[in-house]
Amino acid sequence: MMDKWINNNTISKILALAVAILLWGMVHLDTGTPSSTLTVSYNNKVIDNVGIQASGLDDSKYVLSTMDTDHVKMEVRGQRSVLTSFFADNYQAKLNLNGLGAGTKTLSLEPDLPDGVELVSMTPNRVTVTIEEKQTKSFNVSIVPKGNPDGGLQLGKPVIAPQTVKVTLPKSQLSTVTAVQGAVNTDGISEKFEQKRVKLKAYNKKGQELTGAVIEPSTVSVEIPVTQQAKSVPVKIVYAGELPDGLALSKVNANVKEAAVYASQDILSSLSSYVTATLDLSQFTEAGTRTVQANLAAPSGSDKIEPGSIQIQVTVVPSNEVTDTERTLSGIPIVLQGAGDGATVTAPVGKTMDVTVKGPQDMVNNLTNDDISLVADVSGLAAGQHEVTLKVGLPKYITQSGNAGQLKVTVNIESPSTPAVTNPNSENEPNPSGSGEKGQERPQEGQGSQGGDSDAKTGDNAAAEDKTNPHNGADSSANGTSENSQP
């Protein structure tokens, strides 16, 4: 029965029409009834400190030197899901500098936003910029060593390649460049320093680095030689021992005039004016000319001395064949001995005197002012003016020409500012100087108040002691022939 219905053509058409009407009704019913799940939410968002991105400027000729602000504030709008998916770095304000030259200009900003975000406002939306022309200038390169080499060594002059470089900066900054430098670490080095690539920086007069400087080339190669620190000092001969009776020195000449002392800078700074070689006279037992070797005394604390020894040509002759020669040395300083703060030399005014000496020609011609001392012994003298005979200290084999007592100076001794109060009838009469010291006796007859002759022996010993180091014995500088040594 059912098969007859289905096979009937009329019944099939009626069923098809009914299904079509049902489907049409369903479609129109869904379109007219929207679902609440399709509702979309839009929000606003404020973004601070949005960076300004400048572009288009010809960097080979110009530089953006100033911009009145480097960030803006944006308010944007978009779907909540979109706004929350981006960070502040995804937002920018673009500044187009294409085709602009030097000068100050106010320009508009263009927002650069992520997809799905629209701009509500931007503050500010315009900026004022200053564009400056670049200039290039050549500068010499200097190298700054940092640190000290090993002890006893010193750095030589750096060898730099290339020696000059070009610096490019805005015109206003280029005029402030005072140095283009590279720094190298030389601490503890013991041999030649070499570095192929030393980075350079430009500095102004305040020592501040100009960070925007373009330096071409940006690096240089550096070599710094390392040498031992040295100081050249004269060589002086000092004497030990005695010649036999009947013999005398005629000439003493060294083959070296100066020696190099190697030491740290502290030792060299405190080094005396010469180094010594000791000549032992006891080795010469007969007249004649001999060449002997003498070691140079290296100063305390020095690393070495070059040369370590010298050759000395010595001529010894019978005493009766030696002809003494005279010479006057000027400006020998006067030294007060046994004086307090209140003692001064008033005459001569310059506090120096000339001394005439005699002895073997070669030795006399090689004398210097350092070989002679003038001592005024004022020990025990009362306050007032005193004429004091000087004690003259001389090297061995050198004597003073003329009367030694002719060298006199005037010394003023002041009394203390607050003298002691004493009883004038006291058995122990006060010191005539008013010093208040008891027991000071008046000079006895024959002694005098000059103090020059009363302590002659003591003074001579004191003067001799002044010459023991380094001039003990007959001195002769190794400064060449007598012609070269004449004052």
# chains A, B, ... in the order shown; residues from 1 in each chain; ligands from 1

$ residues_around --residues "segment 369-379 of chain A" --least-positions-apart "6" --cutoff "6 Å" --atoms "only C-alpha atoms" --output "PDB file with C-alpha atoms, in the first residue's frame"
ATOM      1  CA  ILE A 334     129.128  79.970  54.259  1.00  0.00           C
ATOM      2  CA  VAL A 335     127.713  77.485  56.763  1.00  0.00           C
ATOM      3  CA  LEU A 336     127.059  78.426  60.417  1.00  0.00           C
ATOM      4  CA  GLN A 337     128.009  75.784  62.955  1.00  0.00           C
ATOM      5  CA  GLY A 338     126.652  75.717  66.520  1.00  0.00           C
ATOM      6  CA  ALA A 339     124.164  78.501  65.782  1.00  0.00           C
ATOM      7  CA  LEU A 390     136.209  80.694  58.736  1.00  0.00           C
ATOM      8  CA  LYS A 391     137.410  77.102  58.708  1.00  0.00           C
ATOM      9  CA  VAL A 392     138.121  75.941  55.156  1.00  0.00           C
ATOM     10  CA  GLY A 393     137.544  72.296  54.222  1.00  0.00           C
ATOM     11  CA  LEU A 394     139.568  71.126  51.202  1.00  0.00           C
TER      12      LEU A 394
END

$ select_by_dssp --residues "segment 43-272 of chain A" --states "strand (DSSP E or B)" --output "ChimeraX atom specification"
/A:43-55,62-67,71-79,92-96,103-108,110-112,118-123,126-146,153-155,159-161,164-170,177-185,193-199,201-204,209,214-216,219-224,226-228,230-240,247-254,258-262

$ closest_residue --among "A:Ala230, A:Val355, A:Val317, A:Val275" --to "Val261 of chain A" --atoms "only C-alpha atoms"
A:Ala230

$ residues_around --residues "segment 58-64 of chain A" --least-positions-apart "4" --cutoff "10 Å" --atoms "only C-alpha atoms" --output "PDB file with N, CA and C atoms, in the first residue's frame"
ATOM      1  N   ALA A  54      61.856  59.395  14.030  1.00  0.00           N
ATOM      2  CA  ALA A  54      62.191  60.306  12.928  1.00  0.00           C
ATOM      3  C   ALA A  54      62.825  59.519  11.792  1.00  0.00           C
ATOM      4  N   LEU A  97      61.208  63.638   7.989  1.00  0.00           N
ATOM      5  CA  LEU A  97      62.200  64.701   7.761  1.00  0.00           C
ATOM      6  C   LEU A  97      62.725  64.664   6.329  1.00  0.00           C
ATOM      7  N   ASN A  98      62.079  63.983   5.474  1.00  0.00           N
ATOM      8  CA  ASN A  98      62.555  63.818   4.104  1.00  0.00           C
ATOM      9  C   ASN A  98      62.673  65.173   3.405  1.00  0.00           C
ATOM     10  N   GLY A  99      63.886  65.419   2.795  1.00  0.00           N
ATOM     11  CA  GLY A  99      64.110  66.637   2.030  1.00  0.00           C
ATOM     12  C   GLY A  99      64.413  67.866   2.849  1.00  0.00           C
ATOM     13  N   LEU A 100      64.483  67.782   4.154  1.00  0.00           N
ATOM     14  CA  LEU A 100      64.731  68.961   4.981  1.00  0.00           C
ATOM     15  C   LEU A 100      66.230  69.221   5.112  1.00  0.00           C
ATOM     16  N   GLY A 101      66.593  70.516   5.245  1.00  0.00           N
ATOM     17  CA  GLY A 101      67.974  70.917   5.455  1.00  0.00           C
ATOM     18  C   GLY A 101      68.144  71.539   6.822  1.00  0.00           C
ATOM     19  N   ALA A 102      69.261  72.268   7.000  1.00  0.00           N
ATOM     20  CA  ALA A 102      69.570  72.867   8.292  1.00  0.00           C
ATOM     21  C   ALA A 102      68.549  73.942   8.642  1.00  0.00           C
ATOM     22  N   GLY A 103      68.228  74.033   9.930  1.00  0.00           N
ATOM     23  CA  GLY A 103      67.296  75.050  10.386  1.00  0.00           C
ATOM     24  C   GLY A 103      66.376  74.518  11.466  1.00  0.00           C
ATOM     25  N   THR A 104      65.461  75.379  11.945  1.00  0.00           N
ATOM     26  CA  THR A 104      64.485  75.010  12.971  1.00  0.00           C
ATOM     27  C   THR A 104      63.096  75.029  12.353  1.00  0.00           C
ATOM     28  N   VAL A 129      61.722  70.956  15.693  1.00  0.00           N
ATOM     29  CA  VAL A 129      63.026  70.300  15.586  1.00  0.00           C
ATOM     30  C   VAL A 129      64.055  71.288  15.059  1.00  0.00           C
ATOM     31  N   THR A 130      65.327  71.018  15.410  1.00  0.00           N
ATOM     32  CA  THR A 130      66.452  71.783  14.865  1.00  0.00           C
ATOM     33  C   THR A 130      67.375  70.812  14.159  1.00  0.00           C
ATOM     34  N   ILE A 131      67.608  71.082  12.893  1.00  0.00           N
ATOM     35  CA  ILE A 131      68.484  70.252  12.077  1.00  0.00           C
ATOM     36  C   ILE A 131      69.777  71.021  11.847  1.00  0.00           C
ATOM     37  N   GLU A 132      70.916  70.353  12.093  1.00  0.00           N
ATOM     38  CA  GLU A 132      72.210  71.024  12.008  1.00  0.00           C
ATOM     39  C   GLU A 132      73.085  70.338  10.971  1.00  0.00           C
ATOM     40  N   GLU A 133      73.879  71.137  10.280  1.00  0.00           N
ATOM     41  CA  GLU A 133      74.770  70.601   9.270  1.00  0.00           C
ATOM     42  C   GLU A 133      75.987  69.945   9.915  1.00  0.00           C
ATOM     43  N   LYS A 134      76.425  68.822   9.367  1.00  0.00           N
ATOM     44  CA  LYS A 134      77.622  68.147   9.847  1.00  0.00           C
ATOM     45  C   LYS A 134      78.867  68.729   9.187  1.00  0.00           C
ATOM     46  N   GLN A 135      79.986  68.714   9.959  1.00  0.00           N
ATOM     47  CA  GLN A 135      81.273  69.127   9.412  1.00  0.00           C
ATOM     48  C   GLN A 135      82.331  68.104   9.815  1.00  0.00           C
ATOM     49  N   THR A 168      83.759  63.738  12.487  1.00  0.00           N
ATOM     50  CA  THR A 168      82.561  64.372  11.945  1.00  0.00           C
ATOM     51  C   THR A 168      81.566  64.587  13.077  1.00  0.00           C
ATOM     52  N   LEU A 169      81.097  65.839  13.190  1.00  0.00           N
ATOM     53  CA  LEU A 169      80.156  66.225  14.238  1.00  0.00           C
ATOM     54  C   LEU A 169      79.346  67.411  13.728  1.00  0.00           C
ATOM     55  N   PRO A 170      78.219  67.709  14.387  1.00  0.00           N
ATOM     56  CA  PRO A 170      77.552  68.981  14.093  1.00  0.00           C
ATOM     57  C   PRO A 170      78.510  70.147  14.305  1.00  0.00           C
ATOM     58  N   LYS A 171      78.314  71.193  13.533  1.00  0.00           N
ATOM     59  CA  LYS A 171      79.234  72.320  13.556  1.00  0.00           C
ATOM     60  C   LYS A 171      79.450  72.863  14.960  1.00  0.00           C
ATOM     61  N   GLY A 212      78.482  61.420  20.120  1.00  0.00           N
ATOM     62  CA  GLY A 212      77.969  61.379  18.746  1.00  0.00           C
ATOM     63  C   GLY A 212      79.026  61.520  17.687  1.00  0.00           C
TER      64      GLY A 212
END

$ residues_around --residues "segment 310-313 of chain A" --least-positions-apart "3" --cutoff "7 Å" --atoms "only C-alpha atoms" --output "list in words"
Val252, Asn253, Ala254, Asn255, Val256, Thr289, Arg290, Thr291, Val292, Gln293, Ala294 and Asn295 of chain A

$ select_by_dssp --residues "segment 127-368 of chain A" --states "alpha helix (DSSP H)" --output "PyMOL selection string"
chain A and resi 171-174+265-269+361-365

$ write_last_selection --atoms "N, CA, C and O atoms" --output "short mmCIF file (atom, residue, chain, number, x, y, z; two decimals), in the first residue's frame"
data_model
loop_
_atom_site.label_atom_id
_atom_site.label_comp_id
_atom_site.auth_asym_id
_atom_site.auth_seq_id
_atom_site.Cartn_x
_atom_site.Cartn_y
_atom_site.Cartn_z
N LYS A 171 78.31 71.19 13.53
CA LYS A 171 79.23 72.32 13.56
C LYS A 171 79.45 72.86 14.96
O LYS A 171 80.58 73.17 15.36
N SER A 172 78.40 72.96 15.75
CA SER A 172 78.53 73.53 17.09
C SER A 172 79.34 72.65 18.02
O SER A 172 79.99 73.14 18.94
N GLN A 173 79.33 71.34 17.81
CA GLN A 173 80.09 70.43 18.66
C GLN A 173 81.52 70.23 18.17
O GLN A 173 82.43 70.01 18.98
N LEU A 174 81.71 70.30 16.87
CA LEU A 174 83.05 70.07 16.32
C LEU A 174 84.04 71.10 16.86
O LEU A 174 85.21 70.79 17.09
N GLN A 265 111.88 55.95 39.66
CA GLN A 265 111.85 57.40 39.59
C GLN A 265 112.13 58.03 40.95
O GLN A 265 112.77 59.08 41.05
N ASP A 266 111.66 57.40 42.03
CA ASP A 266 111.91 57.93 43.37
C ASP A 266 113.39 57.97 43.69
O ASP A 266 113.90 58.95 44.25
N ILE A 267 114.09 56.91 43.35
CA ILE A 267 115.54 56.85 43.61
C ILE A 267 116.26 57.88 42.76
O ILE A 267 117.15 58.61 43.24
N LEU A 268 115.89 57.98 41.48
CA LEU A 268 116.56 58.94 40.60
C LEU A 268 116.34 60.37 41.05
O LEU A 268 117.23 61.21 40.94
N SER A 269 115.14 60.67 41.57
CA SER A 269 114.84 62.04 42.00
C SER A 269 115.71 62.45 43.18
O SER A 269 116.06 63.63 43.32
N GLN A 361 148.30 70.90 39.16
CA GLN A 361 147.48 71.60 38.17
C GLN A 361 146.25 70.81 37.75
O GLN A 361 145.14 71.35 37.71
N ASP A 362 146.42 69.54 37.46
CA ASP A 362 145.30 68.75 36.96
C ASP A 362 144.21 68.64 38.02
O ASP A 362 143.02 68.74 37.71
N MET A 363 144.60 68.49 39.28
CA MET A 363 143.62 68.35 40.35
C MET A 363 142.95 69.69 40.65
O MET A 363 141.73 69.75 40.89
N VAL A 364 143.71 70.76 40.63
CA VAL A 364 143.14 72.08 40.90
C VAL A 364 142.14 72.47 39.81
O VAL A 364 141.06 73.00 40.09
N ASN A 365 142.46 72.16 38.58
CA ASN A 365 141.56 72.54 37.48
C ASN A 365 140.25 71.77 37.51
O ASN A 365 139.24 72.23 36.97
#

$ closest_residue --among "A:Ser319, A:Gln228, A:Asn185, A:Ser108" --to "Lys146 of chain A" --atoms "only C-alpha atoms"
A:Asn185

$ closest_residue --among "A:Thr285, A:Thr211, A:Thr186, A:Thr328" --to "Pro244 of chain A" --atoms "only C-alpha atoms"
A:Thr285

$ residues_around --residues "Leu200 of chain A" --least-positions-apart "3" --cutoff "12 Å" --atoms "only C-alpha atoms" --output "PyMOL selection string"
chain A and resi 139-144+160+162-167+179-184+197+203+209-211+213-222

$ atom_distance --atom1 "atom CA of Thr352 of chain A" --atom2 "atom CA of Ser330 of chain A"
8.1 Å
